[in-house]
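J.: File coords_31.tsv below, TSV, N, CA and C atoms:
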chain	number	residue	atom	x	y	z
A	1	GLN	N	151.77	57.94	-4.63
A	1	GLN	CA	151.44	57.66	-6.02
A	1	GLN	C	152.52	58.26	-6.92
A	2	VAL	N	152.93	57.49	-7.89
A	2	VAL	CA	153.94	57.93	-8.85
A	2	VAL	C	153.32	57.97	-10.23
A	3	GLN	N	153.54	59.05	-10.92
A	3	GLN	CA	153.08	59.16	-12.30
A	3	GLN	C	154.28	59.14	-13.24
A	4	LEU	N	154.15	58.36	-14.30
A	4	LEU	CA	155.23	58.20	-15.27
A	4	LEU	C	154.69	58.60	-16.65
A	5	VAL	N	155.43	59.44	-17.33
A	5	VAL	CA	155.01	59.91	-18.66
A	5	VAL	C	156.15	59.71	-19.64
A	6	GLU	N	155.94	58.83	-20.61
A	6	GLU	CA	156.95	58.57	-21.64
A	6	GLU	C	156.80	59.55	-22.80
A	7	SER	N	157.92	59.77	-23.47
A	7	SER	CA	157.93	60.59	-24.68
A	7	SER	C	159.12	60.17	-25.53
A	8	GLY	N	159.12	60.64	-26.76
A	8	GLY	CA	160.26	60.40	-27.63
A	8	GLY	C	160.06	59.33	-28.68
A	9	GLY	N	158.91	58.66	-28.64
A	9	GLY	CA	158.66	57.67	-29.66
A	9	GLY	C	158.40	58.29	-31.02
A	10	GLY	N	158.32	57.44	-32.03
A	10	GLY	CA	158.05	57.95	-33.38
A	10	GLY	C	158.35	56.92	-34.43
A	11	LEU	N	158.40	57.39	-35.67
A	11	LEU	CA	158.68	56.55	-36.82
A	11	LEU	C	160.12	56.79	-37.27
A	12	VAL	N	160.85	55.71	-37.44
A	12	VAL	CA	162.25	55.82	-37.84
A	12	VAL	C	162.57	54.68	-38.80
A	13	GLN	N	163.52	54.91	-39.68
A	13	GLN	CA	163.94	53.85	-40.60
A	13	GLN	C	164.87	52.88	-39.89
A	14	ALA	N	164.93	51.67	-40.40
A	14	ALA	CA	165.85	50.68	-39.87
A	14	ALA	C	167.27	51.23	-39.90
A	15	GLY	N	167.98	51.00	-38.81
A	15	GLY	CA	169.33	51.53	-38.67
A	15	GLY	C	169.38	52.88	-37.97
A	16	GLY	N	168.22	53.48	-37.80
A	16	GLY	CA	168.16	54.79	-37.16
A	16	GLY	C	168.19	54.71	-35.65
A	17	SER	N	168.00	55.88	-35.04
A	17	SER	CA	168.10	56.00	-33.58
A	17	SER	C	166.91	56.78	-33.03
A	18	LEU	N	166.59	56.49	-31.78
A	18	LEU	CA	165.61	57.25	-31.04
A	18	LEU	C	166.04	57.28	-29.58
A	19	ARG	N	165.61	58.31	-28.89
A	19	ARG	CA	165.85	58.40	-27.45
A	19	ARG	C	164.52	58.59	-26.75
A	20	LEU	N	164.15	57.63	-25.94
A	20	LEU	CA	162.93	57.72	-25.17
A	20	LEU	C	163.22	58.34	-23.81
A	21	SER	N	162.26	59.09	-23.31
A	21	SER	CA	162.35	59.68	-21.98
A	21	SER	C	161.14	59.27	-21.17
A	22	CYS	N	161.30	59.23	-19.88
A	22	CYS	CA	160.20	58.93	-18.96
A	22	CYS	C	160.34	59.89	-17.78
A	23	ALA	N	159.39	60.82	-17.69
A	23	ALA	CA	159.39	61.78	-16.60
A	23	ALA	C	158.56	61.24	-15.44
A	24	ALA	N	159.14	61.27	-14.25
A	24	ALA	CA	158.47	60.71	-13.08
A	24	ALA	C	158.12	61.81	-12.08
A	25	SER	N	156.96	61.67	-11.48
A	25	SER	CA	156.58	62.59	-10.40
A	25	SER	C	157.10	62.05	-9.08
A	26	GLY	N	157.04	62.87	-8.06
A	26	GLY	CA	157.44	62.39	-6.74
A	26	GLY	C	158.86	62.75	-6.39
A	27	ARG	N	159.15	62.74	-5.11
A	27	ARG	CA	160.45	63.16	-4.62
A	27	ARG	C	161.39	62.01	-4.29
A	28	THR	N	160.95	60.80	-4.55
A	28	THR	CA	161.77	59.65	-4.20
A	28	THR	C	162.19	58.85	-5.42
A	29	PHE	N	162.25	59.49	-6.56
A	29	PHE	CA	162.61	58.81	-7.81
A	29	PHE	C	163.94	58.10	-7.67
A	30	SER	N	164.88	58.72	-6.96
A	30	SER	CA	166.22	58.14	-6.85
A	30	SER	C	166.24	56.84	-6.06
A	31	SER	N	165.14	56.49	-5.41
A	31	SER	CA	165.09	55.24	-4.65
A	31	SER	C	164.37	54.13	-5.41
A	32	TYR	N	163.94	54.42	-6.64
A	32	TYR	CA	163.22	53.43	-7.44
A	32	TYR	C	164.15	52.69	-8.38
A	33	VAL	N	163.98	51.39	-8.47
A	33	VAL	CA	164.51	50.67	-9.62
A	33	VAL	C	163.57	50.99	-10.78
A	34	MET	N	164.13	51.30	-11.92
A	34	MET	CA	163.33	51.67	-13.09
A	34	MET	C	163.56	50.70	-14.23
A	35	GLY	N	162.52	50.51	-15.01
A	35	GLY	CA	162.64	49.59	-16.14
A	35	GLY	C	161.94	50.09	-17.37
A	36	TRP	N	162.35	49.53	-18.50
A	36	TRP	CA	161.66	49.72	-19.78
A	36	TRP	C	161.16	48.36	-20.26
A	37	PHE	N	159.94	48.36	-20.73
A	37	PHE	CA	159.32	47.18	-21.31
A	37	PHE	C	158.73	47.58	-22.65
A	38	ARG	N	158.39	46.60	-23.46
A	38	ARG	CA	157.72	46.89	-24.73
A	38	ARG	C	156.69	45.80	-25.02
A	39	GLN	N	155.72	46.19	-25.85
A	39	GLN	CA	154.64	45.27	-26.16
A	39	GLN	C	154.16	45.46	-27.59
A	40	VAL	N	153.99	44.35	-28.25
A	40	VAL	CA	153.43	44.31	-29.59
A	40	VAL	C	152.01	43.75	-29.46
A	41	PRO	N	151.06	44.27	-30.23
A	41	PRO	CA	149.68	43.76	-30.13
A	41	PRO	C	149.63	42.25	-30.27
A	42	GLY	N	148.91	41.62	-29.36
A	42	GLY	CA	148.76	40.18	-29.40
A	42	GLY	C	149.85	39.41	-28.69
A	43	LYS	N	150.85	40.12	-28.19
A	43	LYS	CA	151.95	39.46	-27.49
A	43	LYS	C	152.07	40.00	-26.08
A	44	GLU	N	152.77	39.26	-25.24
A	44	GLU	CA	152.97	39.70	-23.87
A	44	GLU	C	153.97	40.86	-23.82
A	45	ARG	N	153.80	41.67	-22.79
A	45	ARG	CA	154.76	42.75	-22.57
A	45	ARG	C	156.10	42.13	-22.17
A	46	GLU	N	157.17	42.61	-22.77
A	46	GLU	CA	158.47	42.00	-22.52
A	46	GLU	C	159.48	43.00	-21.98
A	47	PHE	N	160.38	42.46	-21.19
A	47	PHE	CA	161.43	43.26	-20.57
A	47	PHE	C	162.42	43.74	-21.62
A	48	VAL	N	162.86	45.00	-21.47
A	48	VAL	CA	163.87	45.56	-22.34
A	48	VAL	C	165.14	45.87	-21.54
A	49	ALA	N	165.00	46.63	-20.47
A	49	ALA	CA	166.16	47.03	-19.69
A	49	ALA	C	165.73	47.54	-18.32
A	50	SER	N	166.66	47.49	-17.37
A	50	SER	CA	166.37	48.09	-16.06
A	50	SER	C	167.63	48.72	-15.50
A	51	ILE	N	167.43	49.61	-14.53
A	51	ILE	CA	168.54	50.34	-13.94
A	51	ILE	C	168.29	50.50	-12.45
A	52	SER	N	169.33	50.34	-11.67
A	52	SER	CA	169.20	50.46	-10.22
A	52	SER	C	169.16	51.93	-9.81
A	53	TRP	N	169.02	52.17	-8.52
A	53	TRP	CA	168.73	53.51	-8.00
A	53	TRP	C	169.71	54.57	-8.50
A	54	ARG	N	170.99	54.27	-8.46
A	54	ARG	CA	171.99	55.26	-8.86
A	54	ARG	C	172.66	54.89	-10.18
A	55	GLY	N	172.10	53.89	-10.85
A	55	GLY	CA	172.63	53.54	-12.16
A	55	GLY	C	173.80	52.58	-12.15
A	56	GLY	N	174.08	52.01	-10.99
A	56	GLY	CA	175.24	51.14	-10.91
A	56	GLY	C	175.01	49.74	-11.45
A	57	THR	N	173.76	49.33	-11.52
A	57	THR	CA	173.43	47.99	-12.02
A	57	THR	C	172.47	48.13	-13.18
A	58	LEU	N	172.88	47.61	-14.33
A	58	LEU	CA	172.08	47.69	-15.55
A	58	LEU	C	171.83	46.28	-16.06
A	59	TYR	N	170.62	46.04	-16.50
A	59	TYR	CA	170.27	44.77	-17.10
A	59	TYR	C	169.62	45.02	-18.46
A	60	TYR	N	169.90	44.13	-19.41
A	60	TYR	CA	169.32	44.26	-20.74
A	60	TYR	C	168.82	42.91	-21.24
A	61	ALA	N	167.77	42.96	-22.02
A	61	ALA	CA	167.36	41.77	-22.75
A	61	ALA	C	168.40	41.48	-23.82
A	62	GLU	N	168.59	40.21	-24.12
A	62	GLU	CA	169.59	39.83	-25.12
A	62	GLU	C	169.32	40.49	-26.46
A	63	SER	N	168.06	40.66	-26.80
A	63	SER	CA	167.69	41.19	-28.11
A	63	SER	C	168.11	42.64	-28.31
A	64	VAL	N	168.39	43.36	-27.23
A	64	VAL	CA	168.73	44.79	-27.36
A	64	VAL	C	170.13	45.10	-26.87
A	65	LYS	N	170.79	44.10	-26.31
A	65	LYS	CA	172.12	44.32	-25.74
A	65	LYS	C	173.07	44.83	-26.82
A	66	GLY	N	173.81	45.88	-26.51
A	66	GLY	CA	174.73	46.46	-27.47
A	66	GLY	C	174.11	47.53	-28.36
A	67	ARG	N	172.80	47.62	-28.37
A	67	ARG	CA	172.12	48.63	-29.19
A	67	ARG	C	171.36	49.64	-28.34
A	68	PHE	N	170.85	49.22	-27.20
A	68	PHE	CA	170.07	50.11	-26.33
A	68	PHE	C	170.88	50.42	-25.08
A	69	THR	N	170.70	51.64	-24.58
A	69	THR	CA	171.36	52.04	-23.33
A	69	THR	C	170.34	52.71	-22.42
A	70	ILE	N	170.20	52.17	-21.23
A	70	ILE	CA	169.31	52.76	-20.24
A	70	ILE	C	170.13	53.66	-19.33
A	71	SER	N	169.55	54.80	-18.96
A	71	SER	CA	170.23	55.71	-18.06
A	71	SER	C	169.18	56.52	-17.30
A	72	ARG	N	169.63	57.26	-16.31
A	72	ARG	CA	168.70	58.06	-15.51
A	72	ARG	C	169.37	59.32	-15.02
A	73	ASP	N	168.56	60.33	-14.81
A	73	ASP	CA	169.01	61.59	-14.22
A	73	ASP	C	168.15	61.81	-12.99
A	74	ASN	N	168.68	61.45	-11.83
A	74	ASN	CA	167.88	61.54	-10.61
A	74	ASN	C	167.57	62.99	-10.23
A	75	ALA	N	168.41	63.91	-10.61
A	75	ALA	CA	168.16	65.32	-10.32
A	75	ALA	C	166.96	65.85	-11.09
A	76	LYS	N	166.68	65.21	-12.23
A	76	LYS	CA	165.55	65.65	-13.07
A	76	LYS	C	164.41	64.64	-13.08
A	77	ASN	N	164.50	63.63	-12.22
A	77	ASN	CA	163.45	62.61	-12.15
A	77	ASN	C	163.11	62.03	-13.52
A	78	THR	N	164.13	61.71	-14.29
A	78	THR	CA	163.91	61.27	-15.66
A	78	THR	C	164.71	60.02	-15.97
A	79	LEU	N	164.05	59.12	-16.66
A	79	LEU	CA	164.65	57.88	-17.14
A	79	LEU	C	164.78	57.97	-18.66
A	80	PHE	N	165.84	57.38	-19.19
A	80	PHE	CA	166.07	57.44	-20.63
A	80	PHE	C	166.29	56.04	-21.20
A	81	LEU	N	166.03	55.93	-22.50
A	81	LEU	CA	166.41	54.73	-23.24
A	81	LEU	C	166.93	55.20	-24.60
A	82	GLN	N	168.23	55.13	-24.77
A	82	GLN	CA	168.84	55.46	-26.04
A	82	GLN	C	168.86	54.22	-26.91
A	83	MET	N	168.28	54.31	-28.09
A	83	MET	CA	168.17	53.16	-28.99
A	83	MET	C	168.87	53.49	-30.30
A	84	ILE	N	169.82	52.66	-30.68
A	84	ILE	CA	170.51	52.82	-31.95
A	84	ILE	C	170.38	51.54	-32.76
A	85	SER	N	170.76	51.63	-34.03
A	85	SER	CA	170.69	50.45	-34.91
A	85	SER	C	169.34	49.76	-34.81
A	86	LEU	N	168.31	50.55	-34.87
A	86	LEU	CA	166.96	50.01	-34.70
A	86	LEU	C	166.59	49.07	-35.83
A	87	LYS	N	165.80	48.07	-35.47
A	87	LYS	CA	165.35	47.04	-36.41
A	87	LYS	C	163.83	47.03	-36.45
A	88	PRO	N	163.26	46.56	-37.55
A	88	PRO	CA	161.79	46.48	-37.61
A	88	PRO	C	161.19	45.70	-36.44
A	89	GLU	N	161.90	44.71	-35.94
A	89	GLU	CA	161.38	43.93	-34.82
A	89	GLU	C	161.41	44.68	-33.49
A	90	ASP	N	161.98	45.87	-33.48
A	90	ASP	CA	161.92	46.72	-32.28
A	90	ASP	C	160.61	47.50	-32.23
A	91	THR	N	159.81	47.43	-33.28
A	91	THR	CA	158.54	48.13	-33.31
A	91	THR	C	157.64	47.63	-32.18
A	92	ALA	N	157.16	48.55	-31.37
A	92	ALA	CA	156.34	48.19	-30.21
A	92	ALA	C	155.92	49.47	-29.49
A	93	VAL	N	155.02	49.31	-28.54
A	93	VAL	CA	154.76	50.37	-27.58
A	93	VAL	C	155.74	50.16	-26.42
A	94	TYR	N	156.45	51.22	-26.08
A	94	TYR	CA	157.45	51.14	-25.02
A	94	TYR	C	156.91	51.78	-23.75
A	95	TYR	N	157.07	51.07	-22.64
A	95	TYR	CA	156.57	51.52	-21.36
A	95	TYR	C	157.71	51.65	-20.36
A	96	CYS	N	157.66	52.69	-19.55
A	96	CYS	CA	158.57	52.74	-18.42
A	96	CYS	C	157.81	52.30	-17.17
A	97	ALA	N	158.56	51.79	-16.21
A	97	ALA	CA	157.95	51.24	-15.01
A	97	ALA	C	158.84	51.53	-13.81
A	98	ALA	N	158.20	51.67	-12.65
A	98	ALA	CA	158.93	51.99	-11.43
A	98	ALA	C	158.68	50.93	-10.36
A	99	ASP	N	159.76	50.54	-9.73
A	99	ASP	CA	159.72	49.60	-8.59
A	99	ASP	C	160.11	50.37	-7.35
A	100	PRO	N	159.16	50.72	-6.50
A	100	PRO	CA	159.46	51.55	-5.32
A	100	PRO	C	159.83	50.75	-4.08
A	101	SER	N	160.04	49.45	-4.23
A	101	SER	CA	160.21	48.58	-3.06
A	101	SER	C	161.48	48.90	-2.27
A	102	GLY	N	162.49	49.42	-2.95
A	102	GLY	CA	163.75	49.66	-2.27
A	102	GLY	C	164.67	48.46	-2.25
A	103	TYR	N	164.22	47.33	-2.78
A	103	TYR	CA	165.04	46.12	-2.79
A	103	TYR	C	165.96	46.10	-4.00
A	104	PHE	N	167.15	45.56	-3.82
A	104	PHE	CA	168.02	45.29	-4.96
A	104	PHE	C	167.39	44.16	-5.75
A	105	ARG	N	167.40	44.30	-7.05
A	105	ARG	CA	166.80	43.30	-7.93
A	105	ARG	C	167.87	42.56	-8.71
A	106	THR	N	167.78	41.24	-8.72
A	106	THR	CA	168.61	40.45	-9.62
A	106	THR	C	168.03	40.58	-11.02
A	107	PHE	N	168.76	40.08	-12.01
A	107	PHE	CA	168.25	40.14	-13.37
A	107	PHE	C	166.93	39.40	-13.49
A	108	ALA	N	166.85	38.23	-12.90
A	108	ALA	CA	165.63	37.43	-12.98
A	108	ALA	C	164.44	38.17	-12.36
A	109	GLN	N	164.70	38.91	-11.30
A	109	GLN	CA	163.63	39.68	-10.65
A	109	GLN	C	163.27	40.92	-11.45
A	110	ALA	N	164.27	41.61	-11.96
A	110	ALA	CA	164.04	42.89	-12.65
A	110	ALA	C	163.29	42.72	-13.96
A	111	MET	N	163.35	41.54	-14.55
A	111	MET	CA	162.69	41.36	-15.84
A	111	MET	C	161.22	40.96	-15.70
A	112	LYS	N	160.75	40.79	-14.47
A	112	LYS	CA	159.36	40.41	-14.27
A	112	LYS	C	158.46	41.62	-14.16
A	113	LEU	N	157.32	41.60	-14.84
A	113	LEU	CA	156.37	42.69	-14.79
A	113	LEU	C	155.90	42.93	-13.36
A	114	THR	N	155.78	41.87	-12.61
A	114	THR	CA	155.23	41.97	-11.25
A	114	THR	C	156.17	42.67	-10.28
A	115	ALA	N	157.42	42.91	-10.68
A	115	ALA	CA	158.34	43.63	-9.81
A	115	ALA	C	158.05	45.12	-9.78
A	116	TYR	N	157.24	45.60	-10.72
A	116	TYR	CA	157.01	47.03	-10.89
A	116	TYR	C	155.59	47.41	-10.49
A	117	THR	N	155.49	48.49	-9.75
A	117	THR	CA	154.20	48.93	-9.24
A	117	THR	C	153.54	49.98	-10.13
A	118	TYR	N	154.36	50.85	-10.69
A	118	TYR	CA	153.83	51.98	-11.45
A	118	TYR	C	154.27	51.87	-12.91
A	119	TRP	N	153.34	52.25	-13.79
A	119	TRP	CA	153.58	52.15	-15.24
A	119	TRP	C	153.15	53.44	-15.92
A	120	GLY	N	153.86	53.76	-16.99
A	120	GLY	CA	153.45	54.87	-17.82
A	120	GLY	C	152.41	54.41	-18.84
A	121	GLN	N	151.98	55.35	-19.67
A	121	GLN	CA	150.93	55.06	-20.65
A	121	GLN	C	151.51	54.48	-21.95
A	122	GLY	N	152.81	54.58	-22.11
A	122	GLY	CA	153.47	54.02	-23.29
A	122	GLY	C	153.70	55.03	-24.40
A	123	THR	N	154.70	54.76	-25.21
A	123	THR	CA	154.99	55.57	-26.38
A	123	THR	C	155.31	54.64	-27.54
A	124	GLN	N	154.73	54.93	-28.70
A	124	GLN	CA	154.86	54.04	-29.85
A	124	GLN	C	156.20	54.27	-30.56
A	125	VAL	N	156.89	53.18	-30.83
A	125	VAL	CA	158.10	53.21	-31.65
A	125	VAL	C	157.83	52.33	-32.87
A	126	THR	N	157.99	52.91	-34.05
A	126	THR	CA	157.78	52.16	-35.28
A	126	THR	C	159.05	52.26	-36.12
A	127	VAL	N	159.59	51.10	-36.48
A	127	VAL	CA	160.81	51.05	-37.29
A	127	VAL	C	160.45	50.45	-38.64
A	128	SER	N	160.63	51.24	-39.67
A	128	SER	CA	160.30	50.78	-41.02
A	128	SER	C	161.52	50.14	-41.69
A	129	SER	N	161.25	49.18	-42.54
A	129	SER	CA	162.35	48.46	-43.21
A	129	SER	C	162.71	49.11	-44.52
Show me the file's structure as structure tokens.
T.:
Amino acid sequence: QVQLVESGGGLVQAGGSLRLSCAASGRTFSSYVMGWFRQVPGKEREFVASISWRGGTLYYAESVKGRFTISRDNAKNTLFLQMISLKPEDTAVYYCAADPSGYFRTFAQAMKLTAYTYWGQGTQVTVSS
């Protein structure tokens, strides 16, 4: 069982920055593909970014490319999402997710919710205009 706990959300003005963190339990974090998703009430949860086991393969949704950076620290079992130039449309609950399968994921695979087994409880990000 893997537990994921997000933190770092909050209220920020448009153009501002936030850094989300996701602390993972377990000793095999370095073998998980990790992802960030977000959800707005009434809408489906959507893919934001994913990162392979050692960070060599990164995928981003078009809407965040160039503004968000996903990274990980395997020594600290922590996943990050650095967000800059935030926009009101980035307002959502952000979730981290873990894929423990050990398989390499293509972009099409990594962006699917079903690729991930474990999910955090989410952290709210609100961007005011």
J.: Skip Val12 in chain A itself and residues of its chain fewer than 3 positions away, then list as a list of chain:residue names all residues within 12 Å of it, counting only C-alpha atoms.
T.: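 Once the adjacent positions are removed, what remains is A:Gly8, A:Gly9, A:Gly15, A:Gly16, A:Ser17, A:Leu18, A:Arg19, A:Met83, A:Ile84, A:Ser85, A:Leu86, A:Lys87, A:Pro88, A:Asp90, A:Thr91, A:Gln124, A:Val125, A:Thr126, A:Val127, A:Ser128, A:Ser129.
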J.: Can you pull out the residues contacting range 48-51 of chain A? Cut-off 6 Å, using only N, CA and C atoms, and skip same-chain residues under 6 positions away; I want them as a PDB file with N, CA and C atoms, in the coordinates of the input.
T.:
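Output saved as part18.pdb:
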ATOM      1  N   VAL A  33     163.980  51.390  -8.470  1.00  0.00           N
ATOM      2  CA  VAL A  33     164.510  50.670  -9.620  1.00  0.00           C
ATOM      3  C   VAL A  33     163.570  50.990 -10.780  1.00  0.00           C
ATOM      4  N   MET A  34     164.130  51.300 -11.920  1.00  0.00           N
ATOM      5  CA  MET A  34     163.330  51.670 -13.090  1.00  0.00           C
ATOM      6  C   MET A  34     163.560  50.700 -14.230  1.00  0.00           C
ATOM      7  N   GLY A  35     162.520  50.510 -15.010  1.00  0.00           N
ATOM      8  CA  GLY A  35     162.640  49.590 -16.140  1.00  0.00           C
ATOM      9  C   GLY A  35     161.940  50.090 -17.370  1.00  0.00           C
ATOM     10  N   TRP A  36     162.350  49.530 -18.500  1.00  0.00           N
ATOM     11  CA  TRP A  36     161.660  49.720 -19.780  1.00  0.00           C
ATOM     12  C   TRP A  36     161.160  48.360 -20.260  1.00  0.00           C
ATOM     13  N   PHE A  37     159.940  48.360 -20.730  1.00  0.00           N
ATOM     14  CA  PHE A  37     159.320  47.180 -21.310  1.00  0.00           C
ATOM     15  C   PHE A  37     158.730  47.580 -22.650  1.00  0.00           C
ATOM     16  N   ARG A  38     158.390  46.600 -23.460  1.00  0.00           N
ATOM     17  CA  ARG A  38     157.720  46.890 -24.730  1.00  0.00           C
ATOM     18  C   ARG A  38     156.690  45.800 -25.020  1.00  0.00           C
ATOM     19  N   THR A  57     173.760  49.330 -11.520  1.00  0.00           N
ATOM     20  CA  THR A  57     173.430  47.990 -12.020  1.00  0.00           C
ATOM     21  C   THR A  57     172.470  48.130 -13.180  1.00  0.00           C
ATOM     22  N   LEU A  58     172.880  47.610 -14.330  1.00  0.00           N
ATOM     23  CA  LEU A  58     172.080  47.690 -15.550  1.00  0.00           C
ATOM     24  C   LEU A  58     171.830  46.280 -16.060  1.00  0.00           C
ATOM     25  N   TYR A  59     170.620  46.040 -16.500  1.00  0.00           N
ATOM     26  CA  TYR A  59     170.270  44.770 -17.100  1.00  0.00           C
ATOM     27  C   TYR A  59     169.620  45.020 -18.460  1.00  0.00           C
ATOM     28  N   TYR A  60     169.900  44.130 -19.410  1.00  0.00           N
ATOM     29  CA  TYR A  60     169.320  44.260 -20.740  1.00  0.00           C
ATOM     30  C   TYR A  60     168.820  42.910 -21.240  1.00  0.00           C
ATOM     31  N   ALA A  61     167.770  42.960 -22.020  1.00  0.00           N
ATOM     32  CA  ALA A  61     167.360  41.770 -22.750  1.00  0.00           C
ATOM     33  C   ALA A  61     168.400  41.480 -23.820  1.00  0.00           C
TER      34      ALA A  61
END
J.: What gap, in Å, lies between CA of Phe68 in chain A and atom C of Gln39 in chain A?
T.: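 Between these atoms lies a distance of 16.6 Å.
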J.: Tell me, as a ChimeraX atom specification, which residues lie within 5 Å of Cys22 in chain A, counting all atoms listed in the file; anything in the same chain fewer than 5 positions away does not count.
T.: /A:5-7,78-80
J.: Which of these residues is nearest to Tyr103 in chain A, using only C-alpha atoms: A:Arg72, A:Glu44, A:Ser31, A:Gly122?
T.: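 Closest candidate: A:Ser31.
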J.: Using only N, CA and C atoms, which of A:Gln82, A:Ile70, A:Trp119, A:Ser25 sits nearest Ala98 in chain A?
T.: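 Ranking A:Gln82, A:Ile70, A:Trp119, A:Ser25 by distance to Ala98 in chain A, first place goes to A:Trp119.
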J.: DSSP on the backbone: what in chain A comes out strand (DSSP E), as number ranges by chain?
T.: A: 4-7, 10-13, 18-24, 33-39, 46-51, 58-60, 68-73, 78-83, 92-99, 118-119, 123-128
J.: Find the distance between atom C of Glu46 in chain A and atom C of Gly66 in chain A and write it in Å to one decimal.
T.: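 That distance, rounded to one decimal, is 16.6 Å.
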J.: Choose the residue, out of A:Leu11, A:Ala75, A:Leu4, A:Val93, that has the smallest atom-to-atom separation from Ala23 in chain A; count only N, CA and C atoms.
T.: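 So, comparing all the options, the nearest one is A:Leu4.
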J.: Please identify which residues in range 65-125 of chain A DSSP calls alpha helix (DSSP H) from the backbone, and express them as a VMD selection string.
T.: chain A and resid 107 to 110
J.: Atom N of Tyr32 in chain A to atom C of Ala115 in chain A: how many Å, to one decimal?
T.: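 Spanning atom N of Tyr32 in chain A to atom C of Ala115 in chain A is a straight-line distance of 11.4 Å.
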